[in-house]
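The structure under discussion appears below in the form of structure tokens.
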Amino acid sequence: ANDGVPVDQTDGENLVNLRPLAGWSSYEQIRDLALGGSQAKMNVLSPYLTLPGFYRPHCWSFCAIVPDGQGGALLSWTDQRADTGDVYVTRVSPDGTIAPGWPRYGVGVGIAPGVQRWPVVVDDGSGGAVVVWQDERNAPDLAIYTNHVTSGGTIVPPATADGVLVSSGAGNRLIPRLARDGAGGAFIAWMDYRAGNGDIYAARVRANAVVGTRSHLVRAEADRDRVRLEWRVAPEVDGPLRLERRSADSSFALLASLSPDELKRVTYDDREIE
């Protein structure tokens, strides 16, 4: 609606409304309106040129917004204060003011070259925010990044303002979606074109801003007669793992059954090399 979208209501009063400041330009500034009885207080959330969001790009949707679980709201958007577009997030208290500890114009969670756009936000269960977005820093291949901000407005270390990589590589990753995991993190899903067609992939970002994976390659060393591969696996993995390989003209075939050592390392020497 042109005159705002209510996030939550108490006794018929809108706690938070989001509006563009003026005009029908594709670039808008974002403000919030908190209504308390006969008093109305305006707060500018971003005075900078703001890119339309994905959900309703032609219907005044210039940010993602969800309740913070404590009577206020969490909002994330892309604006152009520094370059062609970075992602910011803020928290609004029930009285319409910016929550204590949060910067006046939001926390930068996706600050990088290129455009970071279409952010989605969920609360972490403690008043903080998990944000995910489509990232174009390595365009034309688009990636998915995330970040986690505490209830006090600080990025969860070791992450920084340029975000935490979820998925990248050849082919586009598009249109991320989020759902709380109930443990301070979130589940992330997106459309993925790594195979040339649109598939759906998912990952989990934990409360410590680490994107969880059960195994990942940490080293590959080539000698004259072999390639040594080493993976690290998640702490909960203790059973054997299937190592499979395929070629361009064959399906996956079992190479070996491997178990992690006490340091959660899995190694394999591939001697079938040309």
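Chain labels A, B, ... are given in the sequence in which chains occur in the structure tokens; within each chain residues are numbered consecutively from 1, and ligands are likewise numbered from 1 in the order shown.
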For stretch 113-121 of chain A, work out the shell of residues within 8 Å, counting only C-alpha atoms and skipping chain neighbours fewer than 4 positions away, then give it as a PyMOL selection string.
chain A and resi 51-54+63-66+74-78+83-87+129-139+175-178
Can you write out the residues you just picked, keeping C-alpha atoms, as a PDB file, in the first residue's frame?
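See out36.pdb below for the written result:
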```
ATOM      1  CA  LEU A  51      17.294  -0.054  -4.427  1.00  0.00           C
ATOM      2  CA  PRO A  52      13.872  -1.716  -4.682  1.00  0.00           C
ATOM      3  CA  GLY A  53      13.560  -5.071  -2.974  1.00  0.00           C
ATOM      4  CA  PHE A  54      12.720  -8.313  -4.742  1.00  0.00           C
ATOM      5  CA  CYS A  63      13.324  -3.479   2.216  1.00  0.00           C
ATOM      6  CA  ALA A  64      12.755  -6.804   3.954  1.00  0.00           C
ATOM      7  CA  ILE A  65      11.043  -6.549   7.336  1.00  0.00           C
ATOM      8  CA  VAL A  66      10.137  -9.034  10.074  1.00  0.00           C
ATOM      9  CA  LEU A  74      14.208  -5.953  11.909  1.00  0.00           C
ATOM     10  CA  LEU A  75      14.694  -4.352   8.505  1.00  0.00           C
ATOM     11  CA  SER A  76      17.234  -4.910   5.757  1.00  0.00           C
ATOM     12  CA  TRP A  77      17.744  -3.047   2.483  1.00  0.00           C
ATOM     13  CA  THR A  78      20.251  -2.124  -0.227  1.00  0.00           C
ATOM     14  CA  ASP A  83      28.855   2.456  -4.234  1.00  0.00           C
ATOM     15  CA  THR A  84      26.312   0.852  -6.557  1.00  0.00           C
ATOM     16  CA  GLY A  85      24.615  -1.005  -3.704  1.00  0.00           C
ATOM     17  CA  ASP A  86      25.432  -2.527  -0.302  1.00  0.00           C
ATOM     18  CA  VAL A  87      23.249  -4.317   2.249  1.00  0.00           C
ATOM     19  CA  ALA A 129      19.219 -10.517  12.727  1.00  0.00           C
ATOM     20  CA  VAL A 130      20.372 -13.107  10.189  1.00  0.00           C
ATOM     21  CA  VAL A 131      20.529 -11.572   6.714  1.00  0.00           C
ATOM     22  CA  VAL A 132      21.125 -13.241   3.335  1.00  0.00           C
ATOM     23  CA  TRP A 133      21.408 -11.607  -0.076  1.00  0.00           C
ATOM     24  CA  GLN A 134      22.280 -12.061  -3.733  1.00  0.00           C
ATOM     25  CA  ASP A 135      25.865 -10.865  -4.272  1.00  0.00           C
ATOM     26  CA  GLU A 136      27.299  -9.562  -7.549  1.00  0.00           C
ATOM     27  CA  ARG A 137      30.888  -8.807  -6.499  1.00  0.00           C
ATOM     28  CA  ASN A 138      32.144 -11.456  -8.942  1.00  0.00           C
ATOM     29  CA  ALA A 139      29.642 -10.802 -11.721  1.00  0.00           C
ATOM     30  CA  ILE A 175      16.714 -15.262  -5.049  1.00  0.00           C
ATOM     31  CA  PRO A 176      17.724 -16.415  -1.552  1.00  0.00           C
ATOM     32  CA  ARG A 177      15.167 -17.364   1.080  1.00  0.00           C
ATOM     33  CA  LEU A 178      15.559 -17.724   4.855  1.00  0.00           C
TER      34      LEU A 178
END
```
If you run DSSP over the backbone, which residues in stretch 107-214 of chain A end up strand (DSSP E)? Put them as a ChimeraX atom specification.
/A:107-110,116-123,129-135,143-149,164-167,173-180,186-192,199-205,211-212
Create the file for the chosen residues now, containing C-alpha atoms and written as a PDB file, in the first residue's frame.
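File written: again29.pdb
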```pdb
ATOM      1  CA  VAL A 107      24.737  -1.931  10.232  1.00  0.00           C
ATOM      2  CA  GLY A 108      26.588  -2.659   7.010  1.00  0.00           C
ATOM      3  CA  VAL A 109      26.488  -6.436   6.581  1.00  0.00           C
ATOM      4  CA  GLY A 110      27.173  -6.715   2.851  1.00  0.00           C
ATOM      5  CA  GLN A 116      24.587  -6.611  -3.134  1.00  0.00           C
ATOM      6  CA  ARG A 117      20.826  -6.805  -3.525  1.00  0.00           C
ATOM      7  CA  TRP A 118      17.549  -8.450  -2.534  1.00  0.00           C
ATOM      8  CA  PRO A 119      18.309  -9.013   1.164  1.00  0.00           C
ATOM      9  CA  VAL A 120      16.070 -11.219   3.288  1.00  0.00           C
ATOM     10  CA  VAL A 121      16.118 -11.108   7.095  1.00  0.00           C
ATOM     11  CA  VAL A 122      14.929 -13.305   9.979  1.00  0.00           C
ATOM     12  CA  ASP A 123      15.308 -12.859  13.709  1.00  0.00           C
ATOM     13  CA  ALA A 129      19.219 -10.517  12.727  1.00  0.00           C
ATOM     14  CA  VAL A 130      20.372 -13.107  10.189  1.00  0.00           C
ATOM     15  CA  VAL A 131      20.529 -11.572   6.714  1.00  0.00           C
ATOM     16  CA  VAL A 132      21.125 -13.241   3.335  1.00  0.00           C
ATOM     17  CA  TRP A 133      21.408 -11.607  -0.076  1.00  0.00           C
ATOM     18  CA  GLN A 134      22.280 -12.061  -3.733  1.00  0.00           C
ATOM     19  CA  ASP A 135      25.865 -10.865  -4.272  1.00  0.00           C
ATOM     20  CA  ALA A 143      26.767 -15.669  -5.347  1.00  0.00           C
ATOM     21  CA  ILE A 144      24.872 -15.959  -2.065  1.00  0.00           C
ATOM     22  CA  TYR A 145      26.259 -14.318   1.089  1.00  0.00           C
ATOM     23  CA  THR A 146      24.993 -14.014   4.652  1.00  0.00           C
ATOM     24  CA  ASN A 147      25.774 -12.281   7.942  1.00  0.00           C
ATOM     25  CA  HIS A 148      24.586 -12.334  11.551  1.00  0.00           C
ATOM     26  CA  VAL A 149      24.115  -9.256  13.747  1.00  0.00           C
ATOM     27  CA  VAL A 164      30.067 -14.727   4.853  1.00  0.00           C
ATOM     28  CA  LEU A 165      30.120 -16.756   1.652  1.00  0.00           C
ATOM     29  CA  VAL A 166      27.340 -19.332   1.346  1.00  0.00           C
ATOM     30  CA  SER A 167      27.757 -20.438  -2.276  1.00  0.00           C
ATOM     31  CA  ARG A 173      22.929 -18.172  -7.500  1.00  0.00           C
ATOM     32  CA  LEU A 174      19.684 -16.227  -7.215  1.00  0.00           C
ATOM     33  CA  ILE A 175      16.714 -15.262  -5.049  1.00  0.00           C
ATOM     34  CA  PRO A 176      17.724 -16.415  -1.552  1.00  0.00           C
ATOM     35  CA  ARG A 177      15.167 -17.364   1.080  1.00  0.00           C
ATOM     36  CA  LEU A 178      15.559 -17.724   4.855  1.00  0.00           C
ATOM     37  CA  ALA A 179      13.987 -19.630   7.739  1.00  0.00           C
ATOM     38  CA  ARG A 180      15.013 -19.687  11.396  1.00  0.00           C
ATOM     39  CA  ALA A 186      19.036 -19.962   9.800  1.00  0.00           C
ATOM     40  CA  PHE A 187      18.390 -22.246   6.853  1.00  0.00           C
ATOM     41  CA  ILE A 188      19.089 -20.683   3.459  1.00  0.00           C
ATOM     42  CA  ALA A 189      17.693 -21.791   0.099  1.00  0.00           C
ATOM     43  CA  TRP A 190      18.303 -20.342  -3.354  1.00  0.00           C
ATOM     44  CA  MET A 191      17.940 -20.991  -7.076  1.00  0.00           C
ATOM     45  CA  ASP A 192      21.212 -22.323  -8.502  1.00  0.00           C
ATOM     46  CA  ASP A 199      18.000 -26.185  -9.278  1.00  0.00           C
ATOM     47  CA  ILE A 200      17.272 -25.517  -5.615  1.00  0.00           C
ATOM     48  CA  TYR A 201      20.144 -25.716  -3.125  1.00  0.00           C
ATOM     49  CA  ALA A 202      20.163 -25.126   0.615  1.00  0.00           C
ATOM     50  CA  ALA A 203      22.646 -24.534   3.428  1.00  0.00           C
ATOM     51  CA  ARG A 204      22.618 -23.694   7.104  1.00  0.00           C
ATOM     52  CA  VAL A 205      24.344 -20.757   8.736  1.00  0.00           C
ATOM     53  CA  VAL A 211      28.021 -21.934   7.114  1.00  0.00           C
ATOM     54  CA  GLY A 212      27.797 -25.564   8.114  1.00  0.00           C
TER      55      GLY A 212
END
```
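The list of residues with at least one atom within 9 Å of A:Arg242, based on only C-alpha atoms and without residues fewer than 5 positions apart in the same chain, reads Leu254, Leu255, Ala256, Ser257 and Leu258 of chain A.
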Any idea what's packed within 8 Å of A:Pro260, counting only C-alpha atoms, ignoring anything in its chain fewer than 5 positions away? Could you give it as a PyMOL selection string?
chain A and resi 233+237-240+265-266
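The two atoms in question, atom CA of A:Ser151 and atom CA of A:Gly125, are spaced 9.4 Å apart.
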Residue with smallest distance to A:Ala112 - pool A:Gly169, A:Tyr88, A:Thr150, A:Arg194, counting only C-alpha atoms:
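So, comparing all the options, the nearest one is A:Tyr88.
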